[in-house]
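Heads up, input_38.cif below (mmCIF, C-alpha atoms):
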```
data_entry
loop_
_atom_site.group_PDB
_atom_site.id
_atom_site.type_symbol
_atom_site.label_atom_id
_atom_site.label_comp_id
_atom_site.auth_asym_id
_atom_site.auth_seq_id
_atom_site.Cartn_x
_atom_site.Cartn_y
_atom_site.Cartn_z
ATOM 1 C CA SER Y 183 -86.955 18.864 -193.333
ATOM 2 C CA LEU Y 184 -84.219 16.308 -193.898
ATOM 3 C CA SER Y 185 -82.011 17.993 -191.317
ATOM 4 C CA THR Y 186 -84.942 18.150 -188.903
ATOM 5 C CA SER Y 187 -85.595 14.454 -189.294
ATOM 6 C CA ARG Y 188 -81.907 13.689 -188.658
ATOM 7 C CA GLU Y 189 -81.932 15.862 -185.545
ATOM 8 C CA HIS Y 190 -84.968 14.025 -184.174
ATOM 9 C CA LYS Y 191 -83.257 10.741 -184.970
ATOM 10 C CA HIS Y 192 -80.153 11.734 -183.017
ATOM 11 C CA GLN Y 193 -82.318 12.823 -180.048
ATOM 12 C CA PHE Y 194 -84.112 9.457 -180.079
ATOM 13 C CA LEU Y 195 -80.897 7.381 -180.089
ATOM 14 C CA PRO Y 196 -80.088 7.960 -176.366
ATOM 15 C CA PHE Y 197 -83.535 6.670 -175.444
ATOM 16 C CA LEU Y 198 -82.933 3.525 -177.479
ATOM 17 C CA ALA Y 199 -79.503 3.097 -175.903
ATOM 18 C CA SER Y 200 -80.911 3.485 -172.399
ATOM 19 C CA THR Y 201 -83.737 1.055 -172.944
ATOM 20 C CA SER Y 202 -81.339 -1.513 -174.410
ATOM 21 C CA PHE Y 203 -79.563 -1.786 -170.987
ATOM 22 C CA MET Y 204 -82.824 -2.298 -169.062
ATOM 23 C CA SER Y 205 -84.562 -5.650 -169.053
ATOM 24 C CA SER Y 206 -88.303 -6.187 -169.004
ATOM 25 C CA ALA Y 207 -88.105 -6.998 -165.257
ATOM 26 C CA ASP Y 208 -86.471 -3.614 -164.535
ATOM 27 C CA ILE Y 209 -88.932 -1.480 -166.488
ATOM 28 C CA CYS Y 210 -92.633 -1.679 -165.821
ATOM 29 C CA SER Y 211 -93.609 0.989 -168.342
ATOM 30 C CA PRO Y 212 -92.099 2.796 -171.297
ATOM 31 C CA CYS Y 213 -91.618 5.803 -169.024
ATOM 32 C CA GLY Y 214 -88.695 4.146 -167.200
ATOM 33 C CA VAL Y 215 -90.334 2.919 -163.974
ATOM 34 C CA VAL Y 216 -88.009 0.441 -162.197
ATOM 35 C CA ILE Y 217 -89.148 -1.980 -159.490
ATOM 36 C CA VAL Y 218 -86.463 -3.199 -157.063
ATOM 37 C CA ASN Y 219 -87.305 -6.343 -155.127
ATOM 38 C CA GLN Y 220 -86.743 -6.805 -151.414
ATOM 39 C CA SER Y 221 -83.169 -7.910 -150.442
ATOM 40 C CA GLU Y 222 -81.839 -6.529 -153.715
ATOM 41 C CA VAL Y 223 -80.315 -3.283 -154.949
ATOM 42 C CA LYS Y 224 -79.679 -1.959 -158.434
ATOM 43 C CA THR Y 225 -76.893 0.299 -159.617
ATOM 44 C CA ILE Y 226 -77.970 3.288 -161.721
ATOM 45 C CA GLU Y 227 -75.786 4.821 -164.396
ATOM 46 C CA GLN Y 228 -76.051 7.887 -166.537
ATOM 47 C CA CYS Y 229 -74.145 7.895 -169.744
ATOM 48 C CA GLY Y 230 -72.071 4.960 -168.460
ATOM 49 C CA ALA Y 231 -71.144 6.619 -165.132
ATOM 50 C CA PHE Y 232 -72.347 5.454 -161.756
ATOM 51 C CA THR Y 233 -74.845 7.892 -160.257
ATOM 52 C CA GLY Y 234 -76.535 6.045 -157.390
ATOM 53 C CA VAL Y 235 -78.146 2.950 -155.930
ATOM 54 C CA ALA Y 236 -81.784 1.978 -156.270
ATOM 55 C CA HIS Y 237 -82.986 0.362 -153.038
ATOM 56 C CA PRO Y 238 -86.085 -1.860 -152.751
ATOM 57 C CA GLY Y 239 -89.179 -0.088 -154.015
ATOM 58 C CA CYS Y 240 -90.358 1.793 -157.105
ATOM 59 C CA HIS Y 241 -88.023 4.169 -158.931
ATOM 60 C CA CYS Y 242 -88.590 6.367 -161.973
ATOM 61 C CA LEU Y 243 -85.734 6.808 -164.399
ATOM 62 C CA ILE Y 244 -85.815 9.309 -167.255
ATOM 63 C CA PRO Y 245 -84.639 7.520 -170.384
ATOM 64 C CA CYS Y 246 -84.020 10.714 -172.299
ATOM 65 C CA LEU Y 247 -81.365 11.650 -169.759
ATOM 66 C CA CYS Y 248 -79.521 8.379 -170.471
ATOM 67 C CA ARG Y 249 -80.238 7.004 -166.982
ATOM 68 C CA CYS Y 250 -80.456 3.261 -166.814
ATOM 69 C CA VAL Y 251 -79.988 0.262 -164.534
ATOM 70 C CA ASN Y 252 -76.613 -1.396 -164.897
ATOM 71 C CA GLN Y 253 -76.792 -4.520 -162.668
ATOM 72 C CA THR Y 254 -78.680 -6.102 -159.798
ATOM 73 C CA LEU Y 255 -76.944 -7.135 -156.579
ATOM 74 C CA SER Y 256 -78.314 -9.458 -153.926
ATOM 75 C CA MET Y 257 -78.086 -8.225 -150.321
ATOM 76 C CA ARG Y 258 -78.835 -11.656 -148.840
ATOM 77 C CA GLN Y 259 -76.278 -13.570 -146.861
ATOM 78 C CA GLN Y 260 -74.507 -15.980 -149.192
ATOM 79 C CA GLN Y 261 -72.398 -19.065 -148.581
ATOM 80 C CA LEU Y 262 -69.499 -20.411 -150.574
ATOM 81 C CA HIS Y 263 -68.172 -23.947 -150.081
ATOM 82 C CA VAL Y 264 -64.446 -24.256 -150.703
ATOM 83 C CA ALA Y 265 -62.587 -27.592 -150.744
ATOM 84 C CA CYS Y 266 -58.823 -27.168 -150.541
ATOM 85 C CA GLU Y 267 -56.367 -30.078 -150.788
ATOM 86 C CA THR Y 268 -53.085 -29.633 -148.958
ATOM 87 C CA LYS Y 269 -50.528 -31.634 -146.985
ATOM 88 C CA THR Y 270 -49.679 -31.595 -143.304
ATOM 89 C CA LYS Y 271 -46.314 -31.339 -141.601
ATOM 90 C CA ASP Y 272 -45.996 -35.123 -141.514
ATOM 91 C CA ASN Y 273 -46.654 -35.307 -145.304
ATOM 92 C CA VAL Y 274 -50.248 -36.515 -145.198
ATOM 93 C CA PHE Y 275 -52.584 -35.073 -147.846
ATOM 94 C CA VAL Y 276 -55.926 -33.860 -146.523
ATOM 95 C CA THR Y 277 -58.913 -32.049 -147.990
ATOM 96 C CA VAL Y 278 -60.044 -29.118 -145.855
ATOM 97 C CA LYS Y 279 -63.609 -27.971 -146.507
ATOM 98 C CA VAL Y 280 -64.518 -24.389 -145.554
ATOM 99 C CA ALA Y 281 -67.953 -22.740 -145.663
ATOM 100 C CA VAL Y 282 -67.520 -18.974 -146.107
ATOM 101 C CA GLN Y 283 -70.573 -16.876 -145.246
ATOM 102 C CA TYR Y 284 -70.421 -13.364 -146.692
ATOM 103 C CA GLN Y 285 -72.652 -10.400 -147.477
ATOM 104 C CA ILE Y 286 -72.477 -7.029 -149.225
ATOM 105 C CA ASN Y 287 -72.520 -4.071 -146.841
ATOM 106 C CA MET Y 288 -75.646 -1.901 -146.905
ATOM 107 C CA ASP Y 289 -73.989 1.484 -147.563
ATOM 108 C CA ASP Y 290 -73.825 2.885 -151.097
ATOM 109 C CA GLU Y 291 -70.015 3.004 -151.213
ATOM 110 C CA SER Y 292 -69.789 -0.706 -150.431
ATOM 111 C CA ILE Y 293 -72.429 -1.492 -153.053
ATOM 112 C CA LYS Y 294 -70.530 0.597 -155.605
ATOM 113 C CA ALA Y 295 -67.264 -1.194 -154.746
ATOM 114 C CA ALA Y 296 -68.906 -4.628 -154.973
ATOM 115 C CA ALA Y 297 -70.396 -3.775 -158.352
ATOM 116 C CA TYR Y 298 -67.443 -2.032 -160.041
ATOM 117 C CA ARG Y 299 -64.225 -3.051 -158.282
ATOM 118 C CA LEU Y 300 -64.632 -6.839 -158.265
ATOM 119 C CA THR Y 301 -65.474 -9.042 -161.226
ATOM 120 C CA ASN Y 302 -66.109 -12.331 -159.416
ATOM 121 C CA ALA Y 303 -66.356 -12.255 -155.621
ATOM 122 C CA ARG Y 304 -66.640 -16.031 -155.253
ATOM 123 C CA ASP Y 305 -63.373 -16.682 -157.099
ATOM 124 C CA GLN Y 306 -61.668 -13.981 -155.061
ATOM 125 C CA ILE Y 307 -62.844 -15.481 -151.746
ATOM 126 C CA GLU Y 308 -61.832 -18.955 -152.877
ATOM 127 C CA SER Y 309 -58.313 -17.808 -153.726
ATOM 128 C CA TYR Y 310 -57.871 -16.228 -150.276
ATOM 129 C CA VAL Y 311 -59.114 -19.399 -148.571
ATOM 130 C CA PHE Y 312 -56.637 -21.486 -150.561
ATOM 131 C CA ASP Y 313 -53.826 -19.126 -149.585
ATOM 132 C CA VAL Y 314 -54.561 -19.277 -145.840
ATOM 133 C CA VAL Y 315 -55.173 -23.040 -145.699
ATOM 134 C CA ARG Y 316 -52.088 -23.937 -147.727
ATOM 135 C CA SER Y 317 -49.908 -21.652 -145.605
ATOM 136 C CA SER Y 318 -51.258 -22.828 -142.219
ATOM 137 C CA VAL Y 319 -51.881 -26.584 -142.473
ATOM 138 C CA PRO Y 320 -48.356 -27.548 -143.700
ATOM 139 C CA LYS Y 321 -47.010 -26.250 -140.362
ATOM 140 C CA ILE Y 322 -49.214 -28.636 -138.337
ATOM 141 C CA GLU Y 323 -49.165 -32.411 -137.994
ATOM 142 C CA LEU Y 324 -52.247 -34.412 -138.920
ATOM 143 C CA ASP Y 325 -53.362 -35.142 -135.355
ATOM 144 C CA ASP Y 326 -53.106 -31.450 -134.465
ATOM 145 C CA VAL Y 327 -55.072 -30.272 -137.519
ATOM 146 C CA PHE Y 328 -58.318 -31.543 -135.987
ATOM 147 C CA GLU Y 329 -57.541 -29.780 -132.700
ATOM 148 C CA THR Y 330 -56.506 -26.453 -134.250
ATOM 149 C CA LYS Y 331 -59.240 -26.127 -136.864
ATOM 150 C CA ASP Y 332 -60.771 -23.221 -134.919
ATOM 151 C CA GLN Y 333 -57.483 -21.311 -135.124
ATOM 152 C CA ILE Y 334 -57.317 -22.001 -138.865
ATOM 153 C CA SER Y 335 -60.910 -20.797 -139.236
ATOM 154 C CA ASP Y 336 -60.062 -17.584 -137.364
ATOM 155 C CA SER Y 337 -57.062 -17.017 -139.651
ATOM 156 C CA ILE Y 338 -59.278 -17.434 -142.725
ATOM 157 C CA ASN Y 339 -61.857 -15.041 -141.315
ATOM 158 C CA THR Y 340 -59.227 -12.427 -140.466
ATOM 159 C CA GLN Y 341 -57.608 -12.635 -143.912
ATOM 160 C CA LEU Y 342 -60.915 -12.494 -145.769
ATOM 161 C CA THR Y 343 -62.242 -9.618 -143.669
ATOM 162 C CA SER Y 344 -59.094 -7.597 -144.293
ATOM 163 C CA SER Y 345 -59.058 -8.319 -148.036
ATOM 164 C CA MET Y 346 -62.758 -8.209 -148.922
ATOM 165 C CA SER Y 347 -63.741 -5.137 -146.899
ATOM 166 C CA LYS Y 348 -62.258 -2.834 -149.558
ATOM 167 C CA PHE Y 349 -64.572 -4.483 -152.088
ATOM 168 C CA GLY Y 350 -67.665 -3.806 -149.982
ATOM 169 C CA TYR Y 351 -68.042 -7.296 -148.544
ATOM 170 C CA SER Y 352 -68.237 -8.338 -144.903
ATOM 171 C CA ILE Y 353 -67.249 -11.879 -143.870
ATOM 172 C CA LEU Y 354 -69.734 -13.215 -141.324
ATOM 173 C CA ALA Y 355 -68.147 -16.600 -140.609
ATOM 174 C CA SER Y 356 -65.757 -19.116 -142.135
ATOM 175 C CA PRO Y 357 -66.123 -22.417 -140.248
ATOM 176 C CA ILE Y 358 -64.173 -25.506 -141.281
ATOM 177 C CA THR Y 359 -66.869 -28.086 -141.914
ATOM 178 C CA ASP Y 360 -64.704 -31.132 -142.630
ATOM 179 C CA ILE Y 361 -61.125 -32.382 -142.603
ATOM 180 C CA ASP Y 362 -60.889 -35.421 -144.838
ATOM 181 C CA PRO Y 363 -57.575 -37.338 -145.015
ATOM 182 C CA ASP Y 364 -56.898 -40.085 -147.523
ATOM 183 C CA ALA Y 365 -58.963 -43.251 -147.044
ATOM 184 C CA GLN Y 366 -55.907 -45.389 -146.256
ATOM 185 C CA VAL Y 367 -54.725 -42.824 -143.703
ATOM 186 C CA LYS Y 368 -58.137 -42.873 -142.030
ATOM 187 C CA ARG Y 369 -58.072 -46.661 -141.820
ATOM 188 C CA ALA Y 370 -54.581 -46.562 -140.314
ATOM 189 C CA MET Y 371 -55.653 -43.935 -137.762
ATOM 190 C CA ASN Y 372 -58.674 -46.004 -136.827
ATOM 191 C CA GLU Y 373 -56.487 -49.085 -136.336
ATOM 192 C CA ILE Y 374 -54.072 -47.116 -134.150
ATOM 193 C CA ASN Y 375 -56.913 -45.815 -131.988
ATOM 194 C CA LYS Y 376 -58.427 -49.297 -131.829
ATOM 195 C CA MET Y 377 -55.156 -50.859 -130.630
ATOM 196 C CA LYS Y 378 -54.649 -48.074 -128.124
ATOM 197 C CA ARG Y 379 -58.099 -48.571 -126.657
ATOM 198 C CA LEU Y 380 -57.636 -52.343 -126.546
ATOM 199 C CA ARG Y 381 -54.345 -51.854 -124.689
ATOM 200 C CA VAL Y 382 -56.014 -49.542 -122.178
ATOM 201 C CA ALA Y 383 -58.896 -51.988 -121.783
ATOM 202 C CA ALA Y 384 -56.481 -54.875 -121.167
ATOM 203 C CA GLY Y 385 -54.638 -52.834 -118.545
ATOM 204 C CA ASP Y 386 -57.893 -51.936 -116.831
ATOM 205 C CA GLU Y 387 -58.988 -55.564 -116.899
ATOM 206 C CA GLY Y 388 -55.690 -56.719 -115.365
ATOM 207 C CA GLU Y 389 -55.921 -54.055 -112.686
ATOM 208 C CA ALA Y 390 -59.468 -55.168 -111.921
ATOM 209 C CA VAL Y 391 -58.330 -58.807 -111.567
ATOM 210 C CA LYS Y 392 -55.494 -57.675 -109.289
ATOM 211 C CA ILE Y 393 -57.809 -55.634 -107.092
ATOM 212 C CA ARG Y 394 -60.332 -58.505 -106.985
ATOM 213 C CA ALA Y 395 -57.617 -60.960 -105.896
ATOM 214 C CA ILE Y 396 -56.360 -58.577 -103.207
ATOM 215 C CA LYS Y 397 -59.857 -58.009 -101.895
ATOM 216 C CA GLU Y 398 -60.601 -61.733 -101.868
ATOM 217 C CA ALA Y 399 -57.349 -62.403 -99.963
ATOM 218 C CA GLU Y 400 -58.190 -59.667 -97.477
ATOM 219 C CA ALA Y 401 -61.689 -61.073 -97.041
ATOM 220 C CA GLU Y 402 -60.301 -64.597 -96.545
ATOM 221 C CA ALA Y 403 -57.787 -63.315 -93.957
ATOM 222 C CA ALA Y 404 -60.505 -61.431 -92.126
ATOM 223 C CA ARG Y 405 -62.756 -64.496 -92.243
ATOM 224 C CA THR Y 406 -59.936 -66.703 -90.880
ATOM 225 C CA GLU Y 407 -59.204 -64.201 -88.127
ATOM 226 C CA ILE Y 408 -62.854 -64.026 -87.126
ATOM 227 C CA GLN Y 409 -63.127 -67.817 -87.215
ATOM 228 C CA ALA Y 410 -59.997 -68.182 -85.051
ATOM 229 C CA LYS Y 411 -61.320 -65.675 -82.537
ATOM 230 C CA ALA Y 412 -64.653 -67.491 -82.510
ATOM 231 C CA ASP Y 413 -62.962 -70.861 -82.009
ATOM 232 C CA ALA Y 414 -60.811 -69.499 -79.195
ATOM 233 C CA GLU Y 415 -63.838 -67.971 -77.522
ATOM 234 C CA ALA Y 416 -65.769 -71.209 -77.947
ATOM 235 C CA LYS Y 417 -62.965 -73.272 -76.424
ATOM 236 C CA TYR Y 418 -62.643 -70.819 -73.600
ATOM 237 C CA MET Y 419 -66.352 -71.038 -72.886
ATOM 238 C CA GLN Y 420 -66.220 -74.839 -73.256
ATOM 239 C CA GLY Y 421 -63.412 -74.999 -70.679
ATOM 240 C CA GLN Y 422 -65.390 -72.870 -68.280
ATOM 241 C CA GLY Y 423 -68.409 -75.122 -68.821
ATOM 242 C CA ILE Y 424 -66.400 -78.271 -68.152
ATOM 243 C CA ALA Y 425 -64.894 -76.744 -64.999
ATOM 244 C CA ARG Y 426 -68.316 -75.742 -63.737
ATOM 245 C CA GLN Y 427 -69.666 -79.172 -64.611
ATOM 246 C CA ARG Y 428 -66.931 -80.849 -62.595
ATOM 247 C CA GLN Y 429 -67.494 -78.467 -59.711
ATOM 248 C CA ALA Y 430 -71.181 -79.309 -59.763
ATOM 249 C CA ILE Y 431 -70.386 -83.041 -59.757
ATOM 250 C CA ILE Y 432 -68.040 -82.643 -56.771
ATOM 251 C CA THR Y 433 -70.661 -80.621 -54.920
ATOM 252 C CA GLY Y 434 -73.290 -83.268 -55.652
ATOM 253 C CA LEU Y 435 -71.034 -86.098 -54.503
ATOM 254 C CA ARG Y 436 -70.152 -84.229 -51.345
ATOM 255 C CA ASP Y 437 -73.775 -83.644 -50.526
ATOM 256 C CA SER Y 438 -74.589 -87.301 -51.264
ATOM 257 C CA VAL Y 439 -71.750 -88.568 -49.028
ATOM 258 C CA ASN Y 440 -72.773 -86.295 -46.185
ATOM 259 C CA ALA Y 441 -76.407 -87.377 -46.501
ATOM 260 C CA PHE Y 442 -75.443 -91.083 -46.592
ATOM 261 C CA LYS Y 443 -73.191 -90.725 -43.544
ATOM 262 C CA SER Y 444 -75.905 -88.991 -41.590
ATOM 263 C CA GLU Y 445 -78.416 -91.706 -42.373
ATOM 264 C CA VAL Y 446 -76.179 -94.811 -42.005
ATOM 265 C CA ALA Y 447 -73.989 -95.101 -38.908
ATOM 266 C CA GLY Y 448 -70.496 -96.573 -39.026
ATOM 267 C CA VAL Y 449 -69.856 -95.757 -42.694
ATOM 268 C CA ASP Y 450 -67.040 -93.425 -43.618
ATOM 269 C CA ALA Y 451 -66.718 -91.285 -46.690
ATOM 270 C CA LYS Y 452 -64.415 -93.718 -48.515
ATOM 271 C CA ASN Y 453 -66.949 -96.550 -48.344
ATOM 272 C CA VAL Y 454 -69.681 -94.277 -49.619
ATOM 273 C CA LEU Y 455 -67.495 -93.094 -52.503
ATOM 274 C CA ASP Y 456 -66.574 -96.652 -53.492
ATOM 275 C CA LEU Y 457 -70.260 -97.582 -53.523
ATOM 276 C CA MET Y 458 -71.086 -94.616 -55.721
ATOM 277 C CA ILE Y 459 -68.237 -95.442 -58.091
ATOM 278 C CA VAL Y 460 -69.464 -99.012 -58.505
ATOM 279 C CA THR Y 461 -72.969 -97.738 -59.140
ATOM 280 C CA GLN Y 462 -71.699 -95.289 -61.755
ATOM 281 C CA TYR Y 463 -69.623 -98.072 -63.294
ATOM 282 C CA PHE Y 464 -72.621 -100.301 -63.835
ATOM 283 C CA ASP Y 465 -74.676 -97.426 -65.149
ATOM 284 C CA MET Y 466 -71.921 -96.724 -67.678
ATOM 285 C CA MET Y 467 -71.907 -100.382 -68.737
ATOM 286 C CA LYS Y 468 -75.648 -100.209 -69.182
ATOM 287 C CA GLU Y 469 -75.395 -97.117 -71.394
ATOM 288 C CA ILE Y 470 -72.703 -98.710 -73.546
ATOM 289 C CA GLY Y 471 -74.758 -101.839 -74.062
ATOM 290 C CA ALA Y 472 -77.793 -99.773 -75.036
ATOM 291 C CA GLN Y 473 -75.987 -98.158 -77.992
ATOM 292 C CA SER Y 474 -77.010 -99.663 -81.336
ATOM 293 C CA LYS Y 475 -73.564 -99.270 -82.884
ATOM 294 C CA THR Y 476 -71.651 -100.947 -80.034
ATOM 295 C CA ASN Y 477 -70.201 -104.315 -81.062
ATOM 296 C CA ALA Y 478 -67.793 -105.314 -78.261
ATOM 297 C CA VAL Y 479 -66.253 -103.656 -75.203
ATOM 298 C CA PHE Y 480 -63.184 -105.188 -73.525
ATOM 299 C CA MET Y 481 -62.689 -104.123 -69.909
ATOM 300 C CA ASN Y 482 -60.909 -105.459 -66.842
ATOM 301 C CA HIS Y 483 -63.850 -106.878 -64.883
ATOM 302 C CA SER Y 484 -62.011 -108.573 -62.007
ATOM 303 C CA PRO Y 485 -62.862 -107.626 -58.356
ATOM 304 C CA GLY Y 486 -59.421 -106.151 -57.875
ATOM 305 C CA ALA Y 487 -59.949 -103.828 -60.821
ATOM 306 C CA LEU Y 488 -62.816 -102.076 -59.056
ATOM 307 C CA GLU Y 489 -60.426 -100.842 -56.387
ATOM 308 C CA ASP Y 490 -58.053 -99.473 -59.031
ATOM 309 C CA LEU Y 491 -61.036 -97.913 -60.833
ATOM 310 C CA ALA Y 492 -62.165 -96.280 -57.624
ATOM 311 C CA ALA Y 493 -58.705 -94.858 -56.985
ATOM 312 C CA ALA Y 494 -58.522 -93.499 -60.542
ATOM 313 C CA VAL Y 495 -61.961 -91.894 -60.257
ATOM 314 C CA GLN Y 496 -61.073 -90.347 -56.927
ATOM 315 C CA LYS Y 497 -57.921 -88.905 -58.450
ATOM 316 C CA GLY Y 498 -59.956 -87.485 -61.345
ATOM 317 C CA PHE Y 499 -62.474 -85.964 -58.992
ATOM 318 C CA MET Y 500 -59.694 -84.321 -56.994
ATOM 319 C CA ALA Y 501 -58.213 -82.842 -60.188
ATOM 320 C CA GLY Y 502 -61.648 -81.631 -61.282
ATOM 321 C CA ALA Y 503 -62.246 -79.973 -57.968
ATOM 322 C CA PHE Y 504 -58.886 -78.216 -58.162
ATOM 323 C CA ASP Y 505 -59.647 -76.974 -61.732
ATOM 324 C CA ALA Y 506 -63.049 -75.746 -60.614
ATOM 325 C CA GLN Y 507 -61.521 -73.760 -57.796
ATOM 326 C CA LEU Y 508 -59.037 -72.179 -60.193
ATOM 327 C CA ALA Y 509 -61.804 -71.281 -62.647
ATOM 328 C CA SER Y 510 -63.975 -69.697 -59.926
ATOM 329 C CA ALA Y 511 -61.054 -67.741 -58.476
ATOM 330 C CA PRO Y 512 -61.018 -64.017 -59.446
#
```
Structure translated into structure tokens:
Amino acid sequence: SLSTSREHKHQFLPFLASTSFMSSADICSPCGVVIVNQSEVKTIEQCGAFTGVAHPGCHCLIPCLCRCVNQTLSMRQQQLHVACETKTKDNVFVTVKVAVQYQINMDDESIKAAAYRLTNARDQIESYVFDVVRSSVPKIELDDVFETKDQISDSINTQLTSSMSKFGYSILASPITDIDPDAQVKRAMNEINKMKRLRVAAGDEGEAVKIRAIKEAEAEAARTEIQAKADAEAKYMQGQGIARQRQAIITGLRDSVNAFKSEVAGVDAKNVLDLMIVTQYFDMMKEIGAQSKTNAVFMNHSPGALEDLAAAVQKGFMAGAFDAQLASAP
């Protein structure tokens, strides 16, 4: 009976060993029922050896056969933030922040590799990111780091995909989220950009003043040219008006002389013209005296002066008639 009890004890030990590896969340009953949540998988072992993968759902394990759940793996997409400090080609220290998005592949071989071939996936990914960043950024100057961050991200993705695929992981993306230089370097860069923009703004302002001055000079020249043409045209029209006026006066005087001669016998044209000149002379004196601003007028008022005045007027009339003929000529 003692040997029988020992035999039963040895048969019961594997069941105790198997249940010791399974938590209360993995077993829903003493019979070894295992519930696997959605987006998770569990690795199943028998006597310490991997036998399969339990996918989401209900699974029944036989404890007496030493089958148990070893570990639970998440199949969700995960993200790891890595901050790597390095220096650029121009000896400026920067902190490059990378967000690595990774996931375990869905096939059983990848799940087995992720569970048994890699102790800590996050540390492994971080070490690869450090290696790529610290081998790429020192070859690039600070200003070019911001422009080539996509190429650096592609290099990280390529390296991680090549290295982590044998461990059952797929790298979905590895964008560089931030490039943070030292605070003093950032202030210096901002000052450089500020001065550069102020210099460009000053150049643009000077060019605008230059263009404005040129346009104003062109407008003034055009205005002067138009004014000169207008003045010339006005003087030309004024000359034509004066010539026509004189022609009209000569025509009126001729008609008046002819009418006077026809009405009064024994009077020649010279007598009639002298009479008209005297009449015009007195009319002119009357108009001058009627002006409110006229103070004094000094004229030669002797009888002999009338004859000289008549001769001068006749000469002016003859010149006016000649100018009128020239103006009317084609």
Which residues of region 348-378 of chain Y come within 9 Å of region 341-344 of chain Y, and what is each one's closest atom pair and distance in Å (one decimal), counting only C-alpha atoms, sorted by chain and residue number, as a Markdown table?
```
| residue | atom | partner | partner_atom | distance |
| --- | --- | --- | --- | --- |
| Y:Lys348 | CA | Y:Ser344 | CA | 7.8 |
| Y:Tyr351 | CA | Y:Thr343 | CA | 7.9 |
| Y:Ser352 | CA | Y:Thr343 | CA | 6.3 |
| Y:Ile353 | CA | Y:Thr343 | CA | 5.5 |
| Y:Leu354 | CA | Y:Thr343 | CA | 8.6 |
| Y:Ser356 | CA | Y:Leu342 | CA | 9.0 |
```
One decimal place gives the CA of Gln333 (chain Y)-CA of Asn302 (chain Y) separation as 27.3 Å
Size and centre in Å, one decimal, axis-aligned box, all listed region 402-406 of chain Y atoms plus 3 Å per side, as lines of an AutoDock Vina configuration file:
```
center_x = -60.3
center_y = -64.1
center_z = -93.7
size_x = 11.0
size_y = 11.3
size_z = 11.7
```
Once you count all atoms listed in the file, which residues end up no further than 6 Å from (-57.1, -19.4, -143.4) in the file's frame, shown as a PyMOL selection string?
chain Y and resi 311+314-315+334-335+337-338
Quick one: distance from CA of Thr225 (chain Y) to CA of Asn252 (chain Y) in Å, one decimal?
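Atom-to-atom, CA of Thr225 (chain Y) and CA of Asn252 (chain Y) are spaced 5.6 Å apart.
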Quote the spacing between CA of Leu300 (chain Y) and CA of Phe349 (chain Y) in Å to one decimal place.
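Separation of CA of Leu300 (chain Y) and CA of Phe349 (chain Y): 6.6 Å.
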For Thr270 (chain Y), which residue among Y:Gly239, Y:Gly234, Y:Pro363, Y:Gly350 is the nearest when counting only C-alpha atoms?
Y:Pro363
Near Arg316 (chain Y), counting only C-alpha atoms, which residues have an atom at most 10 Å away, once you skip same-chain residues fewer than 5 positions from it, shown as a list in words?
Cys266, Glu267, Thr268, Lys269, Thr270, Val278, Tyr310, Val311 and Lys321 of chain Y
Which residue is closest to Leu255 (chain Y)? Choose from Y:Lys279, Y:His241, Y:Lys224, Y:Lys411 and count all atoms listed in the file.
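Comparing Y:Lys279, Y:His241, Y:Lys224, Y:Lys411 against Leu255 (chain Y), the winner is Y:Lys224.
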Please determine, counting all atoms listed in the file, which residue among Y:Thr340, Y:Gln366, Y:Val235, Y:Arg304 has the shortest atom-to-atom distance to Phe275 (chain Y).
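Ranked by minimum distance to Phe275 (chain Y), first place goes to Y:Gln366.
Nearest residue to Val251 (chain Y) among Y:Leu380, Y:Val218, Y:Val282, Y:Ile470 is Y:Val218, counting all atoms listed in the file.
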